[in-house]
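Before any comments, here is the structure.
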Amino acid sequence: MTERTSWREMREEILGRPGAGAAYEAARIRFELGETVRLRREALGMTQAQLAAEAGMQQPAVARFEAGGTMPTIVVLERLAIALRMRLTVDMEPLERAS
């Protein structure tokens with residue numbers, strides 16, 4: 001086993017493994033979606049239980065989602081958006097433009 005000198009090197013090695021890039025991207029998406037929902041919920045002064053009731057979900061499901069623990073369906077995202085008084089938009093862009 002080789003010695004690594006930085007997290008960056010370790011991360012690059014891990015992401016170089018087959019399938020790791022897709023898993024990393026999925027985790028990033030889950031995290032960003034969860035953070036967006038949590039920030040909006042907090043801005044509206046809602047509890048997780050209130051959001052769950054408005055979206056037809058259970059509070060633990062909202063908690064898992066906000067923590068990035070689940071990849072939601074479009075239907076769930078629509079319900080959350082409505083409950084949060086938001087409009088859901090889905091976009092795709094070429095990888096060369098993605099950051």
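Note on naming: chains are A, B, ... as they come in the structure tokens, residues start from 1 per chain, ligands start from 1 in the order shown.
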- alpha helix (DSSP H) per DSSP on the backbone: members of chain A, as number ranges by chain: A: 7-15, 20-43, 48-55, 59-66, 74-83
For A:Arg38, please output as a CSV table (one decimal) with all heavy atoms, in the first residue's frame all residues within 12 Å (counting only C-alpha atoms; exclusion window: fewer than 2 positions along the same chain).
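Produced file part.csv, reproduced below:
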```csv
chain,number,residue,atom,x,y,z
A,31,PHE,N,-26.9,15.3,-1.5
A,31,PHE,CA,-26.5,16.3,-0.5
A,31,PHE,C,-27.1,17.7,-0.9
A,31,PHE,O,-27.7,18.4,-0.1
A,31,PHE,CB,-25.0,16.4,-0.4
A,31,PHE,CG,-24.6,17.5,0.5
A,31,PHE,CD1,-24.6,17.4,1.9
A,31,PHE,CD2,-24.2,18.8,0.0
A,31,PHE,CE1,-24.2,18.5,2.7
A,31,PHE,CE2,-23.8,19.8,0.8
A,31,PHE,CZ,-23.8,19.7,2.2
A,32,GLU,N,-26.9,18.1,-2.1
A,32,GLU,CA,-27.4,19.4,-2.6
A,32,GLU,C,-28.9,19.6,-2.5
A,32,GLU,O,-29.4,20.6,-2.1
A,32,GLU,CB,-26.9,19.8,-4.0
A,32,GLU,CG,-25.4,20.0,-4.0
A,32,GLU,CD,-24.8,20.3,-5.3
A,32,GLU,OE1,-25.6,20.3,-6.3
A,32,GLU,OE2,-23.6,20.6,-5.4
A,33,LEU,N,-29.6,18.5,-2.9
A,33,LEU,CA,-31.1,18.6,-2.8
A,33,LEU,C,-31.5,18.7,-1.4
A,33,LEU,O,-32.4,19.5,-1.1
A,33,LEU,CB,-31.7,17.3,-3.5
A,33,LEU,CG,-31.7,17.3,-5.0
A,33,LEU,CD1,-32.1,15.9,-5.5
A,33,LEU,CD2,-32.6,18.3,-5.6
A,34,GLY,N,-30.9,17.9,-0.5
A,34,GLY,CA,-31.3,17.9,0.9
A,34,GLY,C,-31.0,19.2,1.5
A,34,GLY,O,-31.8,19.8,2.3
A,35,GLU,N,-29.9,19.8,1.2
A,35,GLU,CA,-29.5,21.1,1.7
A,35,GLU,C,-30.5,22.2,1.3
A,35,GLU,O,-30.9,23.1,2.0
A,35,GLU,CB,-28.1,21.5,1.3
A,35,GLU,CG,-27.7,22.8,1.9
A,35,GLU,CD,-26.2,23.2,1.5
A,35,GLU,OE1,-25.9,23.1,0.3
A,35,GLU,OE2,-25.5,23.5,2.4
A,36,THR,N,-30.9,22.1,0.0
A,36,THR,CA,-31.8,23.1,-0.5
A,36,THR,C,-33.2,23.0,0.2
A,36,THR,O,-33.7,24.1,0.6
A,36,THR,CB,-32.0,22.9,-2.1
A,36,THR,OG1,-30.8,23.1,-2.7
A,36,THR,CG2,-33.1,23.8,-2.6
A,40,ARG,N,-34.7,26.0,2.7
A,40,ARG,CA,-36.0,26.6,2.4
A,40,ARG,C,-37.0,26.4,3.6
A,40,ARG,O,-37.7,27.3,4.0
A,40,ARG,CB,-36.5,26.1,1.1
A,40,ARG,CG,-37.9,26.6,0.8
A,40,ARG,CD,-37.9,28.1,0.5
A,40,ARG,NE,-39.3,28.4,0.0
A,40,ARG,CZ,-39.7,29.7,-0.2
A,40,ARG,NH1,-38.8,30.7,0.0
A,40,ARG,NH2,-40.9,29.9,-0.6
A,41,ARG,N,-37.0,25.2,4.1
A,41,ARG,CA,-37.9,24.9,5.2
A,41,ARG,C,-37.6,25.8,6.4
A,41,ARG,O,-38.5,26.3,7.0
A,41,ARG,CB,-37.7,23.4,5.6
A,41,ARG,CG,-38.5,23.0,6.9
A,41,ARG,CD,-38.2,21.6,7.3
A,41,ARG,NE,-36.9,21.3,7.6
A,41,ARG,CZ,-36.3,21.6,8.8
A,41,ARG,NH1,-36.9,22.3,9.7
A,41,ARG,NH2,-35.0,21.3,9.0
A,42,GLU,N,-36.3,25.9,6.7
A,42,GLU,CA,-35.9,26.8,7.8
A,42,GLU,C,-36.3,28.3,7.6
A,42,GLU,O,-36.7,29.0,8.5
A,42,GLU,CB,-34.4,26.7,8.1
A,42,GLU,CG,-34.0,25.3,8.7
A,42,GLU,CD,-32.5,25.1,8.9
A,42,GLU,OE1,-31.7,25.9,8.3
A,42,GLU,OE2,-32.2,24.1,9.5
A,43,ALA,N,-36.1,28.7,6.3
A,43,ALA,CA,-36.4,30.1,6.0
A,43,ALA,C,-37.9,30.3,6.1
A,43,ALA,O,-38.3,31.5,6.5
A,43,ALA,CB,-36.0,30.4,4.5
A,44,LEU,N,-38.7,29.3,5.9
A,44,LEU,CA,-40.2,29.4,6.1
A,44,LEU,C,-40.6,29.2,7.5
A,44,LEU,O,-41.8,29.3,7.8
A,44,LEU,CB,-40.9,28.4,5.2
A,44,LEU,CG,-40.8,28.7,3.7
A,44,LEU,CD1,-41.4,27.5,2.9
A,44,LEU,CD2,-41.4,30.0,3.3
A,45,GLY,N,-39.7,28.9,8.4
A,45,GLY,CA,-40.0,28.6,9.8
A,45,GLY,C,-40.8,27.3,10.0
A,45,GLY,O,-41.5,27.2,11.0
A,46,MET,N,-40.6,26.4,9.2
A,46,MET,CA,-41.3,25.1,9.3
A,46,MET,C,-40.4,24.1,10.0
A,46,MET,O,-39.2,24.1,9.9
A,46,MET,CB,-41.6,24.5,7.9
A,46,MET,CG,-42.5,25.4,7.1
A,46,MET,SD,-42.7,24.7,5.4
A,46,MET,CE,-43.9,23.4,5.7
A,47,THR,N,-41.1,23.2,10.7
A,47,THR,CA,-40.4,22.0,11.3
A,47,THR,C,-40.4,20.9,10.3
A,47,THR,O,-41.1,21.0,9.3
A,47,THR,CB,-41.1,21.5,12.6
A,47,THR,OG1,-42.4,21.0,12.2
A,47,THR,CG2,-41.2,22.6,13.6
A,48,GLN,N,-39.6,19.9,10.5
A,48,GLN,CA,-39.6,18.7,9.6
A,48,GLN,C,-41.0,18.1,9.6
A,48,GLN,O,-41.5,17.6,8.6
A,48,GLN,CB,-38.5,17.7,10.0
A,48,GLN,CG,-37.1,18.2,9.7
A,48,GLN,CD,-36.1,17.1,10.1
A,48,GLN,OE1,-36.3,16.2,10.8
A,48,GLN,NE2,-34.9,17.3,9.5
A,51,LEU,N,-43.3,20.1,7.4
A,51,LEU,CA,-43.1,19.9,6.0
A,51,LEU,C,-43.6,18.5,5.6
A,51,LEU,O,-44.2,18.3,4.6
A,51,LEU,CB,-41.6,20.0,5.7
A,51,LEU,CG,-41.1,19.6,4.3
A,51,LEU,CD1,-41.9,20.5,3.3
A,51,LEU,CD2,-39.6,19.8,4.2
A,52,ALA,N,-43.3,17.5,6.4
A,52,ALA,CA,-43.7,16.1,6.2
A,52,ALA,C,-45.3,16.1,6.0
A,52,ALA,O,-45.8,15.5,5.0
A,52,ALA,CB,-43.3,15.2,7.3
A,62,VAL,N,-38.3,13.0,5.8
A,62,VAL,CA,-37.8,14.3,5.6
A,62,VAL,C,-36.4,14.5,6.2
A,62,VAL,O,-35.5,15.0,5.5
A,62,VAL,CB,-38.8,15.4,6.2
A,62,VAL,CG1,-38.1,16.8,6.1
A,62,VAL,CG2,-40.1,15.4,5.4
A,63,ALA,N,-36.2,14.0,7.4
A,63,ALA,CA,-34.9,14.0,8.0
A,63,ALA,C,-33.8,13.3,7.2
A,63,ALA,O,-32.7,13.8,7.0
A,63,ALA,CB,-35.0,13.4,9.4
A,64,ARG,N,-34.2,12.1,6.7
A,64,ARG,CA,-33.2,11.3,5.8
A,64,ARG,C,-32.9,12.1,4.5
A,64,ARG,O,-31.8,12.2,4.1
A,64,ARG,CB,-33.8,10.0,5.5
A,64,ARG,CG,-33.6,8.9,6.6
A,64,ARG,CD,-33.9,7.5,6.1
A,64,ARG,NE,-35.3,7.4,5.6
A,64,ARG,CZ,-36.4,7.2,6.3
A,64,ARG,NH1,-36.3,7.1,7.6
A,64,ARG,NH2,-37.5,7.1,5.6
A,65,PHE,N,-34.0,12.7,3.9
A,65,PHE,CA,-33.8,13.4,2.7
A,65,PHE,C,-32.9,14.6,2.9
A,65,PHE,O,-32.0,14.9,2.2
A,65,PHE,CB,-35.2,13.9,2.2
A,65,PHE,CG,-35.0,14.7,0.9
A,65,PHE,CD1,-34.8,14.1,-0.3
A,65,PHE,CD2,-35.1,16.1,1.0
A,65,PHE,CE1,-34.7,14.8,-1.5
A,65,PHE,CE2,-34.9,16.8,-0.2
A,65,PHE,CZ,-34.8,16.2,-1.4
A,66,GLU,N,-33.1,15.4,4.0
A,66,GLU,CA,-32.3,16.6,4.3
A,66,GLU,C,-30.9,16.2,4.6
A,66,GLU,O,-30.0,17.0,4.3
A,66,GLU,CB,-32.9,17.4,5.4
A,66,GLU,CG,-34.2,18.1,5.1
A,66,GLU,CD,-34.7,19.0,6.2
A,66,GLU,OE1,-34.1,19.0,7.3
A,66,GLU,OE2,-35.8,19.7,6.0
A,67,ALA,N,-30.6,15.1,5.1
A,67,ALA,CA,-29.3,14.6,5.4
A,67,ALA,C,-28.6,14.0,4.2
A,67,ALA,O,-27.4,13.7,4.2
A,67,ALA,CB,-29.3,13.6,6.5
A,68,GLY,N,-29.3,14.0,3.0
A,68,GLY,CA,-28.7,13.4,1.8
A,68,GLY,C,-28.7,11.9,1.8
A,68,GLY,O,-28.0,11.3,1.0
A,80,LEU,N,-42.5,18.0,-2.4
A,80,LEU,CA,-41.7,18.9,-1.5
A,80,LEU,C,-41.7,20.3,-2.0
A,80,LEU,O,-41.9,21.3,-1.2
A,80,LEU,CB,-40.3,18.4,-1.4
A,80,LEU,CG,-40.1,17.1,-0.5
A,80,LEU,CD1,-38.7,16.5,-0.8
A,80,LEU,CD2,-40.3,17.4,0.9
A,81,ALA,N,-41.6,20.5,-3.3
A,81,ALA,CA,-41.6,21.9,-3.9
A,81,ALA,C,-42.9,22.6,-3.6
A,81,ALA,O,-42.9,23.8,-3.1
A,81,ALA,CB,-41.3,21.8,-5.4
A,84,LEU,N,-43.1,23.6,0.0
A,84,LEU,CA,-42.2,24.6,0.3
A,84,LEU,C,-42.4,25.9,-0.5
A,84,LEU,O,-41.6,26.9,-0.5
A,84,LEU,CB,-40.7,24.2,0.0
A,84,LEU,CG,-40.2,23.1,1.0
A,84,LEU,CD1,-38.9,22.5,0.5
A,84,LEU,CD2,-40.0,23.6,2.4
```
- Atomic distance atom CA of A:Thr70 - atom CA of A:Arg30, expressed in Å with one decimal: 6.5 Å
- Using only C-alpha atoms, which residues sit within 12 Å of stretch 22-25 of chain A once same-chain residues fewer than 4 positions away are excluded, as a VMD selection string? chain A and resid 11 to 12 14 to 18 29 to 32 71 98 to 99
Please produce an output containing N, CA, C and O atoms for each residue in the selection, written as an mmCIF file, in the first residue's frame.
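Contents of result.cif, as written:
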```
data_model
loop_
_atom_site.group_PDB
_atom_site.id
_atom_site.type_symbol
_atom_site.label_atom_id
_atom_site.label_comp_id
_atom_site.auth_asym_id
_atom_site.auth_seq_id
_atom_site.Cartn_x
_atom_site.Cartn_y
_atom_site.Cartn_z
ATOM 1 N N ARG A 11 -8.547 11.171 -2.473
ATOM 2 C CA ARG A 11 -9.811 11.361 -3.186
ATOM 3 C C ARG A 11 -9.640 11.002 -4.659
ATOM 4 O O ARG A 11 -10.484 10.311 -5.235
ATOM 5 N N GLU A 12 -8.574 11.450 -5.280
ATOM 6 C CA GLU A 12 -8.326 11.144 -6.683
ATOM 7 C C GLU A 12 -8.178 9.639 -6.904
ATOM 8 O O GLU A 12 -8.668 9.102 -7.886
ATOM 9 N N ILE A 14 -9.497 7.242 -5.012
ATOM 10 C CA ILE A 14 -10.817 6.632 -4.812
ATOM 11 C C ILE A 14 -11.709 6.887 -6.018
ATOM 12 O O ILE A 14 -12.379 5.979 -6.516
ATOM 13 N N LEU A 15 -11.719 8.130 -6.500
ATOM 14 C CA LEU A 15 -12.573 8.454 -7.641
ATOM 15 C C LEU A 15 -12.094 7.804 -8.933
ATOM 16 O O LEU A 15 -12.861 7.693 -9.884
ATOM 17 N N GLY A 16 -10.857 7.346 -8.957
ATOM 18 C CA GLY A 16 -10.331 6.660 -10.127
ATOM 19 C C GLY A 16 -10.798 5.222 -10.239
ATOM 20 O O GLY A 16 -10.630 4.590 -11.281
ATOM 21 N N ARG A 17 -11.396 4.712 -9.201
ATOM 22 C CA ARG A 17 -11.881 3.331 -9.226
ATOM 23 C C ARG A 17 -13.144 3.234 -10.073
ATOM 24 O O ARG A 17 -13.937 4.174 -10.130
ATOM 25 N N PRO A 18 -13.366 2.077 -10.734
ATOM 26 C CA PRO A 18 -14.560 1.908 -11.571
ATOM 27 C C PRO A 18 -15.850 2.152 -10.777
ATOM 28 O O PRO A 18 -16.023 1.631 -9.680
ATOM 29 N N ILE A 29 -25.469 15.052 -5.532
ATOM 30 C CA ILE A 29 -26.836 15.455 -5.864
ATOM 31 C C ILE A 29 -27.737 15.309 -4.647
ATOM 32 O O ILE A 29 -28.523 16.206 -4.320
ATOM 33 N N ARG A 30 -27.642 14.168 -3.947
ATOM 34 C CA ARG A 30 -28.470 13.958 -2.748
ATOM 35 C C ARG A 30 -28.195 15.033 -1.708
ATOM 36 O O ARG A 30 -29.117 15.585 -1.100
ATOM 37 N N PHE A 31 -26.925 15.334 -1.484
ATOM 38 C CA PHE A 31 -26.548 16.344 -0.501
ATOM 39 C C PHE A 31 -27.114 17.711 -0.882
ATOM 40 O O PHE A 31 -27.712 18.411 -0.061
ATOM 41 N N GLU A 32 -26.935 18.115 -2.138
ATOM 42 C CA GLU A 32 -27.395 19.438 -2.567
ATOM 43 C C GLU A 32 -28.915 19.564 -2.515
ATOM 44 O O GLU A 32 -29.436 20.598 -2.113
ATOM 45 N N MET A 71 -32.254 9.295 -2.524
ATOM 46 C CA MET A 71 -32.389 9.916 -3.835
ATOM 47 C C MET A 71 -33.883 9.911 -4.167
ATOM 48 O O MET A 71 -34.461 8.848 -4.385
ATOM 49 N N ALA A 98 -20.804 21.837 -17.121
ATOM 50 C CA ALA A 98 -21.141 21.552 -15.721
ATOM 51 C C ALA A 98 -19.933 21.845 -14.839
ATOM 52 O O ALA A 98 -18.794 21.637 -15.217
ATOM 53 N N SER A 99 -20.233 22.334 -13.634
ATOM 54 C CA SER A 99 -19.118 22.614 -12.717
ATOM 55 C C SER A 99 -19.063 21.596 -11.617
ATOM 56 O O SER A 99 -19.931 20.869 -11.351
#
```
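For the pair atom CA of A:Glu54 and atom CA of A:Gly69, the separation is 20.4 Å.
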- Item | Length of the atom CA of A:Arg87 to atom CA of A:Ile74 vector [Å] |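 Calculated distance between atom CA of A:Arg87 and atom CA of A:Ile74 is 12.3 Å.
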- Task: Between A:Ala20, A:Val37, A:Ala83, A:Leu77, single out the one closest to A:Gln50, counting only C-alpha atoms.
- Result: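 Of A:Ala20, A:Val37, A:Ala83, A:Leu77, the one nearest A:Gln50 is A:Ala83, counting only C-alpha atoms.
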